[in-house]
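Student: Next up, input_0.pdb (PDB, C-alpha atoms, pLDDT in the B column).
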```pdb
ATOM      1  CA  MET M1276      13.670 -67.893 -33.000  1.00 45.00           C
ATOM      2  CA  ALA M1277      15.555 -67.595 -29.718  1.00 50.00           C
ATOM      3  CA  ASP M1278      13.493 -64.585 -28.622  1.00 51.00           C
ATOM      4  CA  GLU M1279      10.344 -66.710 -28.782  1.00 61.00           C
ATOM      5  CA  LEU M1280      11.705 -68.419 -25.669  1.00 72.00           C
ATOM      6  CA  GLY M1281      11.798 -65.110 -23.774  1.00 91.00           C
ATOM      7  CA  ILE M1282      14.699 -62.786 -23.025  1.00 94.00           C
ATOM      8  CA  VAL M1283      13.964 -63.086 -19.299  1.00 95.00           C
ATOM      9  CA  GLN M1284      13.351 -66.660 -18.190  1.00 96.00           C
ATOM     10  CA  LEU M1285      12.863 -68.021 -14.688  1.00 96.00           C
ATOM     11  CA  HIS M1286      12.718 -71.808 -14.355  1.00 96.00           C
ATOM     12  CA  ALA M1287      11.557 -73.672 -11.223  1.00 96.00           C
ATOM     13  CA  LEU M1288      12.899 -70.846  -9.114  1.00 96.00           C
ATOM     14  CA  ARG M1289      13.016 -71.038  -5.331  1.00 96.00           C
ATOM     15  CA  LEU M1290      13.984 -67.810  -3.603  1.00 95.00           C
ATOM     16  CA  GLY M1291      14.673 -67.109   0.041  1.00 92.00           C
ATOM     17  CA  TYR M1292      17.270 -66.449   2.667  1.00 85.00           C
ATOM     18  CA  SER M1293      17.730 -70.077   3.712  1.00 85.00           C
ATOM     19  CA  PRO M1294      16.036 -73.404   2.947  1.00 84.00           C
ATOM     20  CA  SER M1295      13.824 -72.791   5.988  1.00 85.00           C
ATOM     21  CA  LYS M1296      12.961 -69.202   4.968  1.00 89.00           C
ATOM     22  CA  VAL M1297      11.588 -69.500   1.439  1.00 94.00           C
ATOM     23  CA  VAL M1298       9.944 -66.359   0.043  1.00 94.00           C
ATOM     24  CA  LEU M1299       8.864 -67.615  -3.387  1.00 96.00           C
ATOM     25  CA  ASP M1300       8.725 -71.137  -4.769  1.00 95.00           C
ATOM     26  CA  HIS M1301       7.884 -72.876  -8.054  1.00 94.00           C
ATOM     27  CA  VAL M1302       8.421 -69.660 -10.027  1.00 96.00           C
ATOM     28  CA  ASP M1303       8.250 -70.084 -13.792  1.00 96.00           C
ATOM     29  CA  LEU M1304       8.144 -66.926 -15.859  1.00 96.00           C
ATOM     30  CA  SER M1305       9.028 -66.026 -19.436  1.00 96.00           C
ATOM     31  CA  ILE M1306       9.148 -62.416 -20.631  1.00 95.00           C
ATOM     32  CA  ARG M1307       9.408 -61.865 -24.354  1.00 93.00           C
ATOM     33  CA  ARG M1308      11.066 -59.033 -26.205  1.00 92.00           C
ATOM     34  CA  GLY M1309       8.731 -56.021 -26.255  1.00 89.00           C
ATOM     35  CA  ASP M1310       6.717 -57.041 -23.187  1.00 92.00           C
ATOM     36  CA  VAL M1311       6.005 -54.383 -20.566  1.00 92.00           C
ATOM     37  CA  VAL M1312       5.457 -56.333 -17.363  1.00 95.00           C
ATOM     38  CA  ALA M1313       4.142 -54.838 -14.121  1.00 95.00           C
ATOM     39  CA  ILE M1314       4.937 -56.852 -10.990  1.00 96.00           C
ATOM     40  CA  LEU M1315       2.531 -56.311  -8.102  1.00 94.00           C
ATOM     41  CA  GLY M1316       1.953 -57.814  -4.695  1.00 92.00           C
ATOM     42  CA  SER M1317       1.187 -56.939  -1.119  1.00 90.00           C
ATOM     43  CA  SER M1318       4.020 -55.845   1.156  1.00 87.00           C
ATOM     44  CA  GLY M1319       6.409 -58.664   2.042  1.00 88.00           C
ATOM     45  CA  GLU M1320       5.203 -61.051  -0.650  1.00 91.00           C
ATOM     46  CA  GLY M1321       8.511 -61.144  -2.544  1.00 92.00           C
ATOM     47  CA  LYS M1322       8.340 -58.551  -5.334  1.00 93.00           C
ATOM     48  CA  THR M1323      11.744 -57.077  -4.562  1.00 91.00           C
ATOM     49  CA  THR M1324      13.239 -60.521  -3.989  1.00 93.00           C
ATOM     50  CA  LEU M1325      12.020 -61.560  -7.441  1.00 95.00           C
ATOM     51  CA  LEU M1326      13.539 -58.468  -9.054  1.00 94.00           C
ATOM     52  CA  GLN M1327      16.825 -58.980  -7.235  1.00 93.00           C
ATOM     53  CA  ALA M1328      16.993 -62.540  -8.551  1.00 95.00           C
ATOM     54  CA  MET M1329      16.392 -61.334 -12.122  1.00 95.00           C
ATOM     55  CA  LEU M1330      19.275 -58.878 -11.699  1.00 94.00           C
ATOM     56  CA  GLY M1331      21.604 -61.489 -10.238  1.00 92.00           C
ATOM     57  CA  LEU M1332      21.816 -59.614  -6.928  1.00 93.00           C
ATOM     58  CA  ILE M1333      20.767 -62.723  -5.009  1.00 92.00           C
ATOM     59  CA  ALA M1334      21.302 -66.344  -5.935  1.00 93.00           C
ATOM     60  CA  PRO M1335      18.279 -68.657  -6.011  1.00 95.00           C
ATOM     61  CA  LEU M1336      18.095 -71.532  -3.599  1.00 95.00           C
ATOM     62  CA  SER M1337      17.335 -73.639  -6.657  1.00 96.00           C
ATOM     63  CA  GLY M1338      16.236 -73.151 -10.244  1.00 96.00           C
ATOM     64  CA  GLU M1339      17.634 -70.983 -13.014  1.00 96.00           C
ATOM     65  CA  VAL M1340      17.583 -67.337 -14.125  1.00 96.00           C
ATOM     66  CA  ARG M1341      18.322 -66.600 -17.786  1.00 96.00           C
ATOM     67  CA  LEU M1342      18.746 -63.110 -19.218  1.00 96.00           C
ATOM     68  CA  LEU M1343      19.124 -62.559 -22.947  1.00 95.00           C
ATOM     69  CA  HIS M1344      19.433 -66.349 -23.331  1.00 94.00           C
ATOM     70  CA  ARG M1345      22.343 -66.673 -20.901  1.00 95.00           C
ATOM     71  CA  SER M1346      22.170 -68.498 -17.573  1.00 96.00           C
ATOM     72  CA  LEU M1347      23.400 -66.133 -14.861  1.00 95.00           C
ATOM     73  CA  ALA M1348      24.893 -68.988 -12.853  1.00 93.00           C
ATOM     74  CA  SER M1349      27.154 -69.968 -15.755  1.00 94.00           C
ATOM     75  CA  LEU M1350      28.757 -66.548 -16.313  1.00 94.00           C
ATOM     76  CA  ASN M1351      32.198 -65.481 -15.185  1.00 94.00           C
ATOM     77  CA  LYS M1352      32.858 -61.916 -14.043  1.00 90.00           C
ATOM     78  CA  GLU M1353      33.696 -60.577 -17.517  1.00 89.00           C
ATOM     79  CA  GLU M1354      30.736 -62.294 -19.179  1.00 93.00           C
ATOM     80  CA  ARG M1355      28.390 -60.956 -16.500  1.00 91.00           C
ATOM     81  CA  SER M1356      29.705 -57.427 -17.049  1.00 88.00           C
ATOM     82  CA  GLN M1357      29.159 -57.728 -20.800  1.00 89.00           C
ATOM     83  CA  LEU M1358      25.626 -59.027 -20.273  1.00 93.00           C
ATOM     84  CA  PHE M1359      24.607 -56.308 -17.838  1.00 90.00           C
ATOM     85  CA  ALA M1360      25.891 -53.639 -20.213  1.00 89.00           C
ATOM     86  CA  ARG M1361      22.782 -54.547 -22.253  1.00 91.00           C
ATOM     87  CA  ILE M1362      20.450 -53.949 -19.303  1.00 92.00           C
ATOM     88  CA  GLY M1363      19.280 -50.765 -17.573  1.00 92.00           C
ATOM     89  CA  VAL M1364      18.080 -50.487 -13.974  1.00 92.00           C
ATOM     90  CA  VAL M1365      16.177 -47.714 -12.191  1.00 91.00           C
ATOM     91  CA  PHE M1366      16.326 -48.335  -8.447  1.00 87.00           C
ATOM     92  CA  GLN M1367      13.541 -47.197  -6.129  1.00 81.00           C
ATOM     93  CA  HIS M1368      15.777 -44.715  -4.315  1.00 81.00           C
ATOM     94  CA  ASN M1369      17.679 -43.789  -7.498  1.00 77.00           C
ATOM     95  CA  ALA M1370      21.121 -44.927  -6.188  1.00 86.00           C
ATOM     96  CA  LEU M1371      22.840 -41.784  -7.458  1.00 91.00           C
ATOM     97  CA  PHE M1372      26.286 -40.942  -6.109  1.00 91.00           C
ATOM     98  CA  THR M1373      25.903 -37.696  -4.188  1.00 90.00           C
ATOM     99  CA  ASP M1374      29.596 -36.784  -4.426  1.00 92.00           C
ATOM    100  CA  MET M1375      29.444 -36.892  -8.242  1.00 94.00           C
ATOM    101  CA  SER M1376      27.858 -34.498 -10.697  1.00 96.00           C
ATOM    102  CA  VAL M1377      24.917 -35.573 -12.800  1.00 96.00           C
ATOM    103  CA  ALA M1378      27.237 -35.971 -15.796  1.00 96.00           C
ATOM    104  CA  GLU M1379      29.659 -38.112 -13.790  1.00 95.00           C
ATOM    105  CA  ASN M1380      26.828 -40.352 -12.578  1.00 94.00           C
ATOM    106  CA  LEU M1381      25.783 -40.997 -16.172  1.00 95.00           C
ATOM    107  CA  ALA M1382      29.278 -41.247 -17.648  1.00 94.00           C
ATOM    108  CA  MET M1383      30.326 -43.875 -15.104  1.00 90.00           C
ATOM    109  CA  VAL M1384      27.979 -46.384 -16.763  1.00 87.00           C
ATOM    110  CA  ALA M1385      29.638 -45.896 -20.142  1.00 86.00           C
ATOM    111  CA  TYR M1386      33.169 -46.044 -18.774  1.00 87.00           C
ATOM    112  CA  GLN M1387      32.480 -49.223 -16.802  1.00 81.00           C
ATOM    113  CA  THR M1388      30.803 -51.172 -19.584  1.00 75.00           C
ATOM    114  CA  SER M1389      32.039 -49.770 -22.906  1.00 77.00           C
ATOM    115  CA  GLN M1390      35.136 -48.519 -24.695  1.00 79.00           C
ATOM    116  CA  LEU M1391      33.594 -45.246 -25.847  1.00 85.00           C
ATOM    117  CA  ARG M1392      35.876 -42.224 -26.126  1.00 90.00           C
ATOM    118  CA  LYS M1393      35.437 -39.382 -23.626  1.00 91.00           C
ATOM    119  CA  GLU M1394      34.066 -36.941 -26.200  1.00 92.00           C
ATOM    120  CA  VAL M1395      31.484 -39.509 -27.312  1.00 94.00           C
ATOM    121  CA  VAL M1396      30.464 -40.126 -23.705  1.00 93.00           C
ATOM    122  CA  ARG M1397      30.041 -36.379 -23.124  1.00 93.00           C
ATOM    123  CA  GLU M1398      27.771 -36.119 -26.159  1.00 94.00           C
ATOM    124  CA  LEU M1399      25.810 -39.167 -25.031  1.00 93.00           C
ATOM    125  CA  VAL M1400      25.348 -37.713 -21.526  1.00 95.00           C
ATOM    126  CA  SER M1401      23.924 -34.506 -23.014  1.00 95.00           C
ATOM    127  CA  LEU M1402      21.651 -36.488 -25.332  1.00 93.00           C
ATOM    128  CA  ARG M1403      20.267 -38.618 -22.502  1.00 93.00           C
ATOM    129  CA  LEU M1404      19.646 -35.597 -20.277  1.00 94.00           C
ATOM    130  CA  ARG M1405      17.755 -33.885 -23.093  1.00 92.00           C
ATOM    131  CA  SER M1406      15.681 -37.021 -23.607  1.00 88.00           C
ATOM    132  CA  VAL M1407      14.489 -36.887 -19.973  1.00 90.00           C
ATOM    133  CA  GLY M1408      13.841 -33.155 -20.038  1.00 90.00           C
ATOM    134  CA  LEU M1409      16.948 -32.024 -18.153  1.00 93.00           C
ATOM    135  CA  PRO M1410      19.167 -30.215 -20.685  1.00 95.00           C
ATOM    136  CA  GLY M1411      22.061 -28.356 -19.113  1.00 94.00           C
ATOM    137  CA  PHE M1412      21.971 -30.281 -15.815  1.00 96.00           C
ATOM    138  CA  GLU M1413      25.389 -31.886 -16.317  1.00 96.00           C
ATOM    139  CA  SER M1414      27.211 -29.957 -13.585  1.00 96.00           C
ATOM    140  CA  ARG M1415      24.543 -30.196 -10.890  1.00 96.00           C
ATOM    141  CA  ARG M1416      24.770 -32.646  -8.029  1.00 95.00           C
ATOM    142  CA  PRO M1417      21.930 -34.932  -6.900  1.00 94.00           C
ATOM    143  CA  ASP M1418      21.370 -32.938  -3.686  1.00 92.00           C
ATOM    144  CA  GLN M1419      20.637 -29.866  -5.820  1.00 95.00           C
ATOM    145  CA  LEU M1420      17.741 -31.608  -7.571  1.00 94.00           C
ATOM    146  CA  SER M1421      14.095 -32.190  -6.706  1.00 91.00           C
ATOM    147  CA  GLY M1422      12.794 -35.718  -6.208  1.00 88.00           C
ATOM    148  CA  GLY M1423      11.330 -35.800  -9.695  1.00 89.00           C
ATOM    149  CA  GLN M1424      14.562 -34.514 -11.228  1.00 92.00           C
ATOM    150  CA  ARG M1425      16.613 -37.141  -9.416  1.00 92.00           C
ATOM    151  CA  LYS M1426      14.291 -39.807 -10.776  1.00 90.00           C
ATOM    152  CA  ARG M1427      14.754 -38.424 -14.304  1.00 91.00           C
ATOM    153  CA  VAL M1428      18.525 -38.557 -13.862  1.00 93.00           C
ATOM    154  CA  ALA M1429      18.185 -42.185 -12.734  1.00 92.00           C
ATOM    155  CA  PHE M1430      16.281 -42.943 -15.938  1.00 91.00           C
ATOM    156  CA  ALA M1431      18.869 -41.098 -18.039  1.00 92.00           C
ATOM    157  CA  ARG M1432      21.601 -43.229 -16.475  1.00 93.00           C
ATOM    158  CA  ALA M1433      19.622 -46.432 -17.014  1.00 92.00           C
ATOM    159  CA  ILE M1434      19.193 -45.758 -20.750  1.00 91.00           C
ATOM    160  CA  MET M1435      22.745 -44.533 -21.390  1.00 91.00           C
ATOM    161  CA  LEU M1436      23.656 -47.493 -23.600  1.00 89.00           C
ATOM    162  CA  ASP M1437      20.264 -48.265 -25.200  1.00 89.00           C
ATOM    163  CA  PRO M1438      19.381 -51.222 -22.964  1.00 91.00           C
ATOM    164  CA  GLU M1439      17.506 -54.187 -24.352  1.00 92.00           C
ATOM    165  CA  ILE M1440      15.770 -54.661 -20.998  1.00 93.00           C
ATOM    166  CA  LEU M1441      14.855 -51.877 -18.574  1.00 93.00           C
ATOM    167  CA  PHE M1442      14.129 -52.873 -14.963  1.00 95.00           C
ATOM    168  CA  CYS M1443      12.366 -50.345 -12.709  1.00 93.00           C
ATOM    169  CA  ASP M1444      11.665 -50.613  -8.986  1.00 92.00           C
ATOM    170  CA  GLU M1445       8.684 -48.403  -8.005  1.00 90.00           C
ATOM    171  CA  PRO M1446       9.610 -45.648 -10.484  1.00 88.00           C
ATOM    172  CA  THR M1447       6.945 -43.177  -9.284  1.00 87.00           C
ATOM    173  CA  ALA M1448       7.005 -43.994  -5.549  1.00 84.00           C
ATOM    174  CA  GLY M1449       7.383 -41.047  -3.185  1.00 82.00           C
ATOM    175  CA  LEU M1450       6.477 -38.448  -5.796  1.00 83.00           C
ATOM    176  CA  ASP M1451       3.523 -36.093  -5.607  1.00 85.00           C
ATOM    177  CA  PRO M1452       0.667 -36.911  -8.056  1.00 85.00           C
ATOM    178  CA  LEU M1453       1.606 -34.161 -10.522  1.00 85.00           C
ATOM    179  CA  THR M1454       5.278 -35.162 -10.646  1.00 83.00           C
ATOM    180  CA  ALA M1455       4.348 -38.861 -10.826  1.00 84.00           C
ATOM    181  CA  GLY M1456       2.042 -38.119 -13.766  1.00 85.00           C
ATOM    182  CA  LYS M1457       4.806 -36.294 -15.622  1.00 84.00           C
ATOM    183  CA  LEU M1458       7.233 -39.118 -14.949  1.00 84.00           C
ATOM    184  CA  SER M1459       4.675 -41.661 -16.208  1.00 86.00           C
ATOM    185  CA  LEU M1460       4.504 -39.745 -19.488  1.00 84.00           C
ATOM    186  CA  LEU M1461       8.300 -39.789 -19.672  1.00 83.00           C
ATOM    187  CA  ILE M1462       8.386 -43.554 -19.092  1.00 85.00           C
ATOM    188  CA  GLN M1463       5.828 -44.034 -21.871  1.00 83.00           C
ATOM    189  CA  HIS M1464       7.948 -41.904 -24.201  1.00 81.00           C
ATOM    190  CA  LEU M1465      11.168 -43.705 -23.333  1.00 80.00           C
ATOM    191  CA  GLY M1466       9.540 -47.099 -23.765  1.00 77.00           C
ATOM    192  CA  SER M1467       8.305 -46.118 -27.216  1.00 77.00           C
ATOM    193  CA  GLU M1468      11.604 -44.489 -28.177  1.00 77.00           C
ATOM    194  CA  LEU M1469      13.843 -47.317 -26.974  1.00 77.00           C
ATOM    195  CA  GLY M1470      11.610 -50.242 -27.849  1.00 79.00           C
ATOM    196  CA  ALA M1471      13.056 -51.910 -24.758  1.00 79.00           C
ATOM    197  CA  THR M1472      11.433 -54.710 -22.849  1.00 91.00           C
ATOM    198  CA  MET M1473      10.370 -53.303 -19.468  1.00 93.00           C
ATOM    199  CA  VAL M1474       9.953 -55.057 -16.131  1.00 95.00           C
ATOM    200  CA  MET M1475       8.713 -52.843 -13.325  1.00 94.00           C
ATOM    201  CA  ILE M1476       7.582 -53.216  -9.763  1.00 94.00           C
ATOM    202  CA  THR M1477       4.843 -50.644  -9.339  1.00 91.00           C
ATOM    203  CA  HIS M1478       1.517 -49.998  -7.674  1.00 87.00           C
ATOM    204  CA  ASP M1479       0.899 -46.897  -9.797  1.00 88.00           C
ATOM    205  CA  VAL M1480      -2.371 -47.905 -11.431  1.00 89.00           C
ATOM    206  CA  ASP M1481      -2.235 -45.008 -13.912  1.00 87.00           C
ATOM    207  CA  LEU M1482       1.208 -46.120 -15.070  1.00 89.00           C
ATOM    208  CA  ILE M1483       0.070 -49.747 -15.343  1.00 91.00           C
ATOM    209  CA  HIS M1484      -2.960 -48.677 -17.370  1.00 89.00           C
ATOM    210  CA  ALA M1485      -0.798 -46.541 -19.670  1.00 87.00           C
ATOM    211  CA  ILE M1486       1.985 -48.936 -20.599  1.00 88.00           C
ATOM    212  CA  ALA M1487       1.708 -52.444 -19.116  1.00 91.00           C
ATOM    213  CA  THR M1488       0.956 -55.335 -21.446  1.00 90.00           C
ATOM    214  CA  ARG M1489       1.168 -57.983 -18.727  1.00 94.00           C
ATOM    215  CA  VAL M1490       0.605 -58.111 -14.997  1.00 96.00           C
ATOM    216  CA  VAL M1491       2.392 -60.520 -12.667  1.00 96.00           C
ATOM    217  CA  ILE M1492       1.030 -60.686  -9.126  1.00 96.00           C
ATOM    218  CA  VAL M1493       2.957 -62.465  -6.388  1.00 95.00           C
ATOM    219  CA  GLY M1494       1.122 -63.759  -3.350  1.00 93.00           C
ATOM    220  CA  GLY M1495       1.116 -66.754  -1.066  1.00 92.00           C
ATOM    221  CA  GLY M1496       4.737 -67.585  -1.842  1.00 93.00           C
ATOM    222  CA  GLU M1497       4.211 -67.999  -5.582  1.00 94.00           C
ATOM    223  CA  ILE M1498       3.167 -66.243  -8.756  1.00 95.00           C
ATOM    224  CA  HIS M1499      -0.549 -65.859  -8.136  1.00 94.00           C
ATOM    225  CA  VAL M1500      -1.400 -64.282 -11.511  1.00 94.00           C
ATOM    226  CA  ASP M1501       0.427 -63.875 -14.813  1.00 96.00           C
ATOM    227  CA  ALA M1502      -1.899 -62.490 -17.455  1.00 95.00           C
ATOM    228  CA  PRO M1503      -2.398 -59.718 -20.020  1.00 94.00           C
ATOM    229  CA  LEU M1504      -3.775 -56.593 -18.384  1.00 91.00           C
ATOM    230  CA  ASP M1505      -6.945 -56.658 -20.484  1.00 91.00           C
ATOM    231  CA  ALA M1506      -7.730 -60.167 -19.256  1.00 91.00           C
ATOM    232  CA  LEU M1507      -7.838 -58.911 -15.666  1.00 91.00           C
ATOM    233  CA  ARG M1508     -10.186 -55.974 -16.068  1.00 88.00           C
ATOM    234  CA  GLU M1509     -13.236 -58.018 -15.053  1.00 87.00           C
ATOM    235  CA  SER M1510     -11.478 -60.338 -12.612  1.00 90.00           C
ATOM    236  CA  SER M1511     -13.334 -61.431  -9.494  1.00 90.00           C
ATOM    237  CA  ASP M1512     -10.098 -62.435  -7.733  1.00 91.00           C
ATOM    238  CA  PRO M1513      -9.934 -60.439  -4.448  1.00 91.00           C
ATOM    239  CA  LEU M1514      -6.167 -59.919  -4.685  1.00 92.00           C
ATOM    240  CA  VAL M1515      -6.385 -58.691  -8.282  1.00 92.00           C
ATOM    241  CA  ARG M1516      -9.261 -56.370  -7.427  1.00 91.00           C
ATOM    242  CA  GLY M1517      -7.458 -55.038  -4.376  1.00 91.00           C
ATOM    243  CA  LEU M1518      -4.215 -54.276  -6.220  1.00 91.00           C
ATOM    244  CA  LEU M1519      -5.572 -52.984  -9.519  1.00 90.00           C
ATOM    245  CA  GLY M1520      -8.382 -50.910  -8.016  1.00 84.00           C
ATOM    246  CA  GLN M1521     -10.045 -48.632 -10.565  1.00 73.00           C
ATOM    247  CA  LEU M1522      -8.835 -50.701 -13.517  1.00 78.00           C
ATOM    248  CA  ILE M1523     -11.221 -53.480 -12.527  1.00 78.00           C
ATOM    249  CA  ALA M1524     -14.830 -53.330 -13.660  1.00 66.00           C
ATOM    250  CA  PRO M1525     -17.332 -52.842 -10.799  1.00 66.00           C
ATOM    251  CA  ARG M1526     -19.035 -56.050  -9.716  1.00 56.00           C
ATOM    252  CA  ALA M1527     -22.743 -56.251 -10.383  1.00 47.00           C
ATOM    253  CA  VAL M1528     -24.969 -55.950  -7.323  1.00 46.00           C
ATOM    254  CA  SER M1529     -27.590 -58.711  -7.187  1.00 45.00           C
TER     255      SER M1529
END
```
Output the file's structure as structure tokens, nothing else.
Tutor:
Amino acid sequence: MADELGIVQLHALRLGYSPSKVVLDHVDLSIRRGDVVAILGSSGEGKTTLLQAMLGLIAPLSGEVRLLHRSLASLNKEERSQLFARIGVVFQHNALFTDMSVAENLAMVAYQTSQLRKEVVRELVSLRLRSVGLPGFESRRPDQLSGGQRKRVAFARAIMLDPEILFCDEPTAGLDPLTAGKLSLLIQHLGSELGATMVMITHDVDLIHAIATRVVIVGGGEIHVDAPLDALRESSDPLVRGLLGQLIAPRAVS
């Protein structure tokens, strides 16, 4: 019953850097278990700010953020750590520690948020690397990997503990089309395998077409659109048409 309310909930959210510098206002959003939500918007419209608020990295000027039915503002340090152990994050620039091996980057998540024994963590690291197509990469360091491989390691780290929600910030950005296509297939596979709710900032139309169930577009300081992807395929909204490109049906010429 609780999941019907959404496992990510934003209520009357106002986001910005000061009361005189508001980026987004009047944000109400509910993401249910199993949703795959693509967040789009033109540069500077607040996509990253919205994601940061969902992750508790910035505090709202007003309003409430709830993850997995808990209000972030009400949590103490230990409760927040326990909550975020149930969440995975893939950052745009991967955020891998270059002075650590691939295995150490992954294992750190387990050691920080669980009581798993070292041998179990080692097995889990190997399992996650196999699941992203990188078996045997445990001893390599991030600077020994290609861009696509680093992104796969970032995904392996994000799914270490079977997250209930997976947040992704531009997961295919900066990759060549072939590598981006392969990564899109991996994301589809992981989404199916994990059954996790996914929230991703992306402008990769192929990825949106492949896995998104909902599209949220921010613009003009608010949520401009929140709708199922199929409902937008014949949209006449200029912003929707500009951002979703080839997914939108051509307009008839009179």
Student: Would you please work out which residue, of M:Met1375, M:Ile1434, M:Ile1523, M:Val1312, is nearest to Met1475 in chain M when using all atoms listed in the file?
Tutor: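 Comparing M:Met1375, M:Ile1434, M:Ile1523, M:Val1312 against Met1475 in chain M, the winner is M:Val1312.
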Student: Starting from the displayed file, determine the output of the PyMOL selection byres ((chain M and resi 1479-1484) around 10) and express the residue list as a ChimeraX atom specification.
Tutor: /M:1311-1315,1445-1448,1455-1456,1458-1460,1462-1463,1475-1478,1485-1490,1504-1505,1518-1522
Student: Would you export the selected residues with C-alpha atoms as a PDB file, in the coordinates of the input, please?
Tutor:
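Final output, saved to out_22.pdb:
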```pdb
ATOM      1  CA  VAL M1311       6.005 -54.383 -20.566  1.00 92.00           C
ATOM      2  CA  VAL M1312       5.457 -56.333 -17.363  1.00 95.00           C
ATOM      3  CA  ALA M1313       4.142 -54.838 -14.121  1.00 95.00           C
ATOM      4  CA  ILE M1314       4.937 -56.852 -10.990  1.00 96.00           C
ATOM      5  CA  LEU M1315       2.531 -56.311  -8.102  1.00 94.00           C
ATOM      6  CA  GLU M1445       8.684 -48.403  -8.005  1.00 90.00           C
ATOM      7  CA  PRO M1446       9.610 -45.648 -10.484  1.00 88.00           C
ATOM      8  CA  THR M1447       6.945 -43.177  -9.284  1.00 87.00           C
ATOM      9  CA  ALA M1448       7.005 -43.994  -5.549  1.00 84.00           C
ATOM     10  CA  ALA M1455       4.348 -38.861 -10.826  1.00 84.00           C
ATOM     11  CA  GLY M1456       2.042 -38.119 -13.766  1.00 85.00           C
ATOM     12  CA  LEU M1458       7.233 -39.118 -14.949  1.00 84.00           C
ATOM     13  CA  SER M1459       4.675 -41.661 -16.208  1.00 86.00           C
ATOM     14  CA  LEU M1460       4.504 -39.745 -19.488  1.00 84.00           C
ATOM     15  CA  ILE M1462       8.386 -43.554 -19.092  1.00 85.00           C
ATOM     16  CA  GLN M1463       5.828 -44.034 -21.871  1.00 83.00           C
ATOM     17  CA  MET M1475       8.713 -52.843 -13.325  1.00 94.00           C
ATOM     18  CA  ILE M1476       7.582 -53.216  -9.763  1.00 94.00           C
ATOM     19  CA  THR M1477       4.843 -50.644  -9.339  1.00 91.00           C
ATOM     20  CA  HIS M1478       1.517 -49.998  -7.674  1.00 87.00           C
ATOM     21  CA  ALA M1485      -0.798 -46.541 -19.670  1.00 87.00           C
ATOM     22  CA  ILE M1486       1.985 -48.936 -20.599  1.00 88.00           C
ATOM     23  CA  ALA M1487       1.708 -52.444 -19.116  1.00 91.00           C
ATOM     24  CA  THR M1488       0.956 -55.335 -21.446  1.00 90.00           C
ATOM     25  CA  ARG M1489       1.168 -57.983 -18.727  1.00 94.00           C
ATOM     26  CA  VAL M1490       0.605 -58.111 -14.997  1.00 96.00           C
ATOM     27  CA  LEU M1504      -3.775 -56.593 -18.384  1.00 91.00           C
ATOM     28  CA  ASP M1505      -6.945 -56.658 -20.484  1.00 91.00           C
ATOM     29  CA  LEU M1518      -4.215 -54.276  -6.220  1.00 91.00           C
ATOM     30  CA  LEU M1519      -5.572 -52.984  -9.519  1.00 90.00           C
ATOM     31  CA  GLY M1520      -8.382 -50.910  -8.016  1.00 84.00           C
ATOM     32  CA  GLN M1521     -10.045 -48.632 -10.565  1.00 73.00           C
ATOM     33  CA  LEU M1522      -8.835 -50.701 -13.517  1.00 78.00           C
TER      34      LEU M1522
END
```
Student: Name the residues that the PyMOL selection byres ((chain M and resi 1281) around 7) pulls out of this structure, and write them as a compact mmCIF listing (two decimals) with C-alpha atoms, in the frame of the given file.
Tutor:
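File written: part.txt
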```
# COMPACT_ATOMS: atom_id res chain seq x y z
CA ASP M 1278 13.49 -64.58 -28.62
CA GLU M 1279 10.34 -66.71 -28.78
CA LEU M 1280 11.70 -68.42 -25.67
CA ILE M 1282 14.70 -62.79 -23.02
CA VAL M 1283 13.96 -63.09 -19.30
CA GLN M 1284 13.35 -66.66 -18.19
CA SER M 1305 9.03 -66.03 -19.44
CA ILE M 1306 9.15 -62.42 -20.63
CA ARG M 1307 9.41 -61.86 -24.35
CA ARG M 1308 11.07 -59.03 -26.20
```
Student: Ranking M:Lys1426, M:Val1474, M:Pro1294, M:Ser1510 by minimum distance to Met1329 in chain M and counting all atoms listed in the file, which one comes first?
Tutor: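 Answer, going by the shortest atom-to-atom distance: M:Val1474.
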Student: Out of M:Leu1450, M:Ala1502, M:Met1473, M:Leu1285, which residue has the shortest atom-to-atom distance to His1368 in chain M when counting only C-alpha atoms?
Tutor: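 Among M:Leu1450, M:Ala1502, M:Met1473, M:Leu1285, it is M:Leu1450 that comes nearest to His1368 in chain M.
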Student: Give the answer as one residue: which of M:Leu1453, M:Leu1330, M:Val1428, M:Val1491 has the shortest atom-to-atom distance to Leu1371 in chain M, using only C-alpha atoms?
Tutor: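 Smallest separation from Leu1371 in chain M among the options: M:Val1428.
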Student: Could you tell me which residues the PyMOL selection byres ((chain M and resi 1332) around 12) grabs in this file, written as a PyMOL selection string?
Tutor: chain M and resi 1290+1323-1331+1333-1335+1340+1347-1348+1355+1359
Student: Hey, can you check how far CA of Ser1401 in chain M sits from CA of Asp1444 in chain M?
Tutor: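 Between these atoms lies a distance of 24.6 Å.
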Student: Provide an axis-aligned box for all listed atoms of range 1451-1461 of chain M, padding each side by 5 Å; report its centre and its edge lengths in Å to one decimal, as AutoDock Vina command-line options.
Tutor:
```
--center_x 4.5 --center_y -37.9 --center_z -12.6 --size_x 17.6 --size_y 17.5 --size_z 24.1
```
Student: Can you tell me which residues surround Arg1427 in chain M at a distance of at most 10 Å, considering all atoms listed in the file, apart from same-chain residues fewer than 3 positions away, and format the answer as a ChimeraX atom specification?
Tutor: /M:1365,1369,1403-1404,1406-1409,1421-1424,1430-1433,1446,1458,1461-1462
Student: Could you tell me how far CA of Leu1441 in chain M lies from CA of Arg1345 in chain M, in Å and to one decimal?
Tutor: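 That distance, rounded to one decimal, is 16.7 Å.
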Student: Check the smallest atom-to-atom distance from each of M:Glu1320, M:Glu1509, M:Glu1354, M:Glu1379 to Leu1299 in chain M using all atoms listed in the file, then report the winner.
Tutor: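 Using all atoms listed in the file, the shortest distance to Leu1299 in chain M belongs to M:Glu1320.
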Student: Which is closest to Gln1367 in chain M among M:Arg1425, M:His1499, M:His1301, M:Lys1457, if we use only C-alpha atoms?
Tutor: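 Ranking M:Arg1425, M:His1499, M:His1301, M:Lys1457 by distance to Gln1367 in chain M, first place goes to M:Arg1425.
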